[in-house]
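Chemist: One structure follows; several queries about it will come next.
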Amino acid sequence: MKKILFFATMAVLLLSGCAKEEKEAVADTVEAEGPFHIGIVTGTVSQSEDDLRGAEEMIKRYGSVSDGGMIQHITYPDDFSSQMETTISQILALADDPLMKAIIVNQAVPGTAEAFKRVKEVRSDILCFAGEPHEDPPIIQADADFIVSADFISRGYTIPWVAKQMGVKNFVHISFPRHMSYETLGLRRLIMEEACKDLGINFIFETAPDPTTDVGTAGAQQFILEKVPQWVEKYGPETVFFCTNDAHTEPLLKQLAEFGGYFVEADLPSPLMGYPGAFGIDLTAEAGNFPAILKKVEEVVVGKGATGRFGTWAYSYGFSVSAGLAEFAKKIIEGEMTLEDTDGFYSCLGEFTPGAKWNGGNFINATTGVRARNHFLIYMDTYIMGQGYMSATEQVVPEKYYSIKFTN
């Protein structure tokens with residue numbers, strides 16, 4: 001798969017001609033001139049705050065359904081892995097609203113595909129959009145109209161590449177079995193390992209507790225707080241750390257700031273992801289202003305003597321996807337855009353990331369070579385505090401990484 005510029009024109013179709021016709025029919029029937037509602041489903045503040053803040057931004061713009069506005073926002077349980085039926089029921093309940101015309105789930109946790117399937121059975125006119133799906137690509141691609149993922153293929157190479165530019169010798173990947181069973185995260189781990197080998201970096205895998213299990217978020221975070229000093233001592237200060245879970249990020253950053261080590265970017269990058277809590281930064285005055293947020297975070301990080309050791313994306317991925325998908329759905333419902341208008345989608349996303357440099361492309365199944373035309377992989381350039389942008393989006397990812405296969 002060749003990387004293409006993020007604002008390049010790409011057709012958004014389903015996997016077959018018939019599916020394409022069905023999508024066009026949805027785009028026609030969903031158009032509404034009168035009042036309509038858009039449902040946004042996210043995790044809670046403890047699990048995925050940025051996704052939730054994106055939904056709140058849309059409420060600020062268009063109002064909440066409870067107050068006569070457009071947006072209906074709900075959250076799924078923190079332990080969504082064991083409460084899948086609850087998540088499905090919550091999503092499906094949105095279809096009971098006769099004015100509901102689109103449902104956005106970000107992150108699209110397990111059960112989202114089944115929920116979308118059931119929604120379509122009762123309301124074929126409702127658009128179903130998935131942000132950062134946890135389910136394997138073929139599963140969510142079959143039931144969602146439009147899907148966006150952080151580019152787990154390209155970033156499997158670019159994150160170690162940036163780490164190499166930072167001068168590290170070791171790359172510690174922190175995760176747990178549930179995440180490693182996902183094709184997206186499992187495949188990225190395999191690509192990272194291969195990239196580290198090619199770049200001359202030692203790759204190490206460390207296991208941490210899953211916050212959705214009985215240990216909970218607090219237990220998982222306490223584990224990270226206790227283990228990071230030991231890991232830094234074991235592998236040395238010239239070690240970069242990467243974790244696949246949002247809840248692990250804050251304690252990881254906190255301990256790296258104190259004990260040494262590097263951090264390229266979060267699993268779902270944002271200057272809000274972990275940094276405020278880890279560095280004690282009050283961003284109340286900068287709320288919603290990402291250039292101001294990044295500037296303040298950078299000032300604090302650099303002020304603590306951590307120049308060149310910590311990175312992020314300039315804008316929140318989770319925030320931008322929640323808001324961008326909702327804005328795109330609104331434009332389709334109002335008849336200004338269609339599902340095939342990918343330039344339109346990029347412009348909607350761009351409303352929340354002015355000046356950002358993006359790259360990406362369509363998801364391609366490494367086994368079959370089939371291009372999923374309703375599934376997009378995107379990523380932003382990495383920004384290192386006190387150093388600036390790293391030109392990660394300008395790097396050519398070697399073709400070999402796109403052919404690596406995931407086996408569960």
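Chain identifiers are assigned as A, B, and so on, following the order in which chains appear in the structure tokens; residues are numbered from 1 within each chain, and ligands are numbered from 1 in order of appearance.
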Write out as a ChimeraX atom specification each polymer residue whose atoms come within 12 Å of Phe223 of chain A, counting only C-alpha atoms; drop sequence neighbours fewer than 6 positions from it.

Modeler: /A:174,206-211,215-217,229-231,247-249,251-252,255

Chemist: Mind checking DSSP for segment 157-368 of chain A and telling me the strand (DSSP E) residues as a VMD selection string?

Modeler: chain A and resid 170 to 175 202 to 207 239 to 243 311 to 312 358 to 364

Chemist: So the first atom is atom CA of Thr338 of chain A and the second is atom CA of Ile140 of chain A; what is the distance between them in Å, to one decimal place?

Modeler: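 Distance reported for this atom pair: 20.1 Å.
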
Chemist: Which residues are close to Phe279 of chain A, i.e. within 9 Å by only C-alpha atoms, leaving aside same-chain residues fewer than 3 positions away? Reply as a list in words.

Modeler: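 My reading of the contact set: Glu250, Leu253, Lys254, Ala257, Gly274, Tyr275, Pro276, Val297, Val300, Val301 and Lys304 of chain A.
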
Chemist: Extract, using only C-alpha atoms, all DNA, RNA and protein residues at most 9 Å from segment 113-128 of chain A, discarding same-chain residues fewer than 2 positions from it, and format them as an MDAnalysis selection string.

Modeler: chainID A and resid 25:31 87:96 100:105 108:111 130 135 139:147 329 333

Chemist: Mind pulling up the distance from atom CA of Ile153 of chain A to atom CA of Leu268 of chain A?

Modeler: 13.8 Å

Chemist: Just list the residues in segment 134-203 of chain A DSSP gives helix (DSSP H, G or I) on the backbone, as a ChimeraX atom specification.

Modeler: /A:137-143,154-165,177-180,183-199

Chemist: Write out as a list in words each polymer residue whose atoms come within 6 Å of segment 374-379 of chain A, counting only C-alpha atoms; drop sequence neighbours fewer than 6 positions from it.

Modeler: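 What passes the distance filter is Val12, Leu13, Leu14, Phe146, Ile147, Val148, Ser149, Ala150, Asp151, Trp358, Asn359, Gly360, Gly361, Asn362 and Phe363 of chain A.
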
Chemist: Let me make sure I understand: among A:Leu349, A:Ile74, A:Ile404, A:Met180, which one has the smallest atom-to-atom distance to Ile59 of chain A if we use only C-alpha atoms?

Modeler: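 Closest to Ile59 of chain A of all the choices is A:Ile74.
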
Chemist: Which is closer to Asn408 of chain A than all the others in A:Gln47, A:Gln83, A:Gln72, A:Ser181, using only C-alpha atoms?

Modeler: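 Of A:Gln47, A:Gln83, A:Gln72, A:Ser181, the one nearest Asn408 of chain A is A:Ser181, counting only C-alpha atoms.
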
Chemist: What separation in Å, quoted to one decimal, exists between atom CA of Gly308 of chain A and atom CA of Met390 of chain A?

Modeler: 10.9 Å

Chemist: Any idea what's packed within 12 Å of Leu272 of chain A, counting only C-alpha atoms, ignoring anything in its chain fewer than 2 positions away? Could you give it as a PyMOL selection string?

Modeler: chain A and resi 45+48-51+53+246+249-250+253+265-266+268-270+274-284+286-298+311-319

Chemist: What would the file look like if the residues just selected were written as a compact mmCIF listing (two decimals), in the first residue's frame with C-alpha atoms?

Modeler:
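New file selection-v8.txt:
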# COMPACT_ATOMS: atom_id res chain seq x y z
CA VAL A 45 -13.35 10.52 31.22
CA SER A 48 -10.97 8.04 26.87
CA GLU A 49 -11.37 11.66 27.89
CA ASP A 50 -10.39 13.14 24.53
CA ASP A 51 -13.11 11.20 22.69
CA ARG A 53 -14.42 16.11 24.85
CA ASP A 246 -4.97 5.37 27.55
CA THR A 249 -0.38 6.81 29.79
CA GLU A 250 -0.55 9.30 32.67
CA LEU A 253 4.58 9.90 31.72
CA GLU A 265 3.58 9.59 21.47
CA ALA A 266 0.52 7.94 22.95
CA LEU A 268 -4.06 7.78 20.49
CA PRO A 269 -1.94 10.94 20.67
CA SER A 270 -2.96 14.27 22.16
CA GLY A 274 -1.68 12.01 30.19
CA TYR A 275 0.31 15.25 30.26
CA PRO A 276 -1.95 17.45 32.44
CA GLY A 277 -2.16 14.88 35.24
CA ALA A 278 1.43 13.66 34.95
CA PHE A 279 2.96 17.15 35.02
CA GLY A 280 0.33 18.92 37.13
CA ILE A 281 -0.76 21.28 34.36
CA ASP A 282 -3.92 23.36 34.74
CA LEU A 283 -5.42 23.86 31.27
CA THR A 284 -8.73 25.38 32.34
CA GLU A 286 -6.84 26.94 27.43
CA ALA A 287 -9.76 24.49 27.16
CA GLY A 288 -10.59 23.74 23.53
CA ASN A 289 -7.64 25.76 22.17
CA PHE A 290 -5.14 23.10 21.12
CA PRO A 291 -2.35 25.45 19.96
CA ALA A 292 -2.51 27.10 23.38
CA ILE A 293 -2.71 23.72 25.10
CA LEU A 294 0.37 22.42 23.27
CA LYS A 295 2.29 25.60 24.04
CA LYS A 296 1.55 25.39 27.76
CA VAL A 297 2.28 21.66 27.98
CA GLU A 298 5.56 22.18 26.15
CA GLY A 311 6.23 13.80 22.18
CA THR A 312 2.62 14.01 21.04
CA TRP A 313 0.41 15.12 18.17
CA ALA A 314 -0.37 18.84 18.04
CA TYR A 315 -4.09 18.09 18.18
CA SER A 316 -6.01 15.37 19.94
CA TYR A 317 -6.74 12.38 17.73
CA GLY A 318 -9.72 11.25 19.81
CA PHE A 319 -11.20 14.74 20.03

Chemist: Give me the residues within 10 Å of Glu351 of chain A as a PyMOL selection string, counting only C-alpha atoms and dropping any in the same chain fewer than 2 places off.

Modeler: chain A and resi 320+323-324+327+346-349+353-355

Chemist: Using only C-alpha atoms, which of A:Asn245, A:Gln165, A:Gln222, A:Thr75 sits nearest Thr42 of chain A?

Modeler: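 Going through A:Asn245, A:Gln165, A:Gln222, A:Thr75 one by one, the smallest distance to Thr42 of chain A is for A:Thr75.
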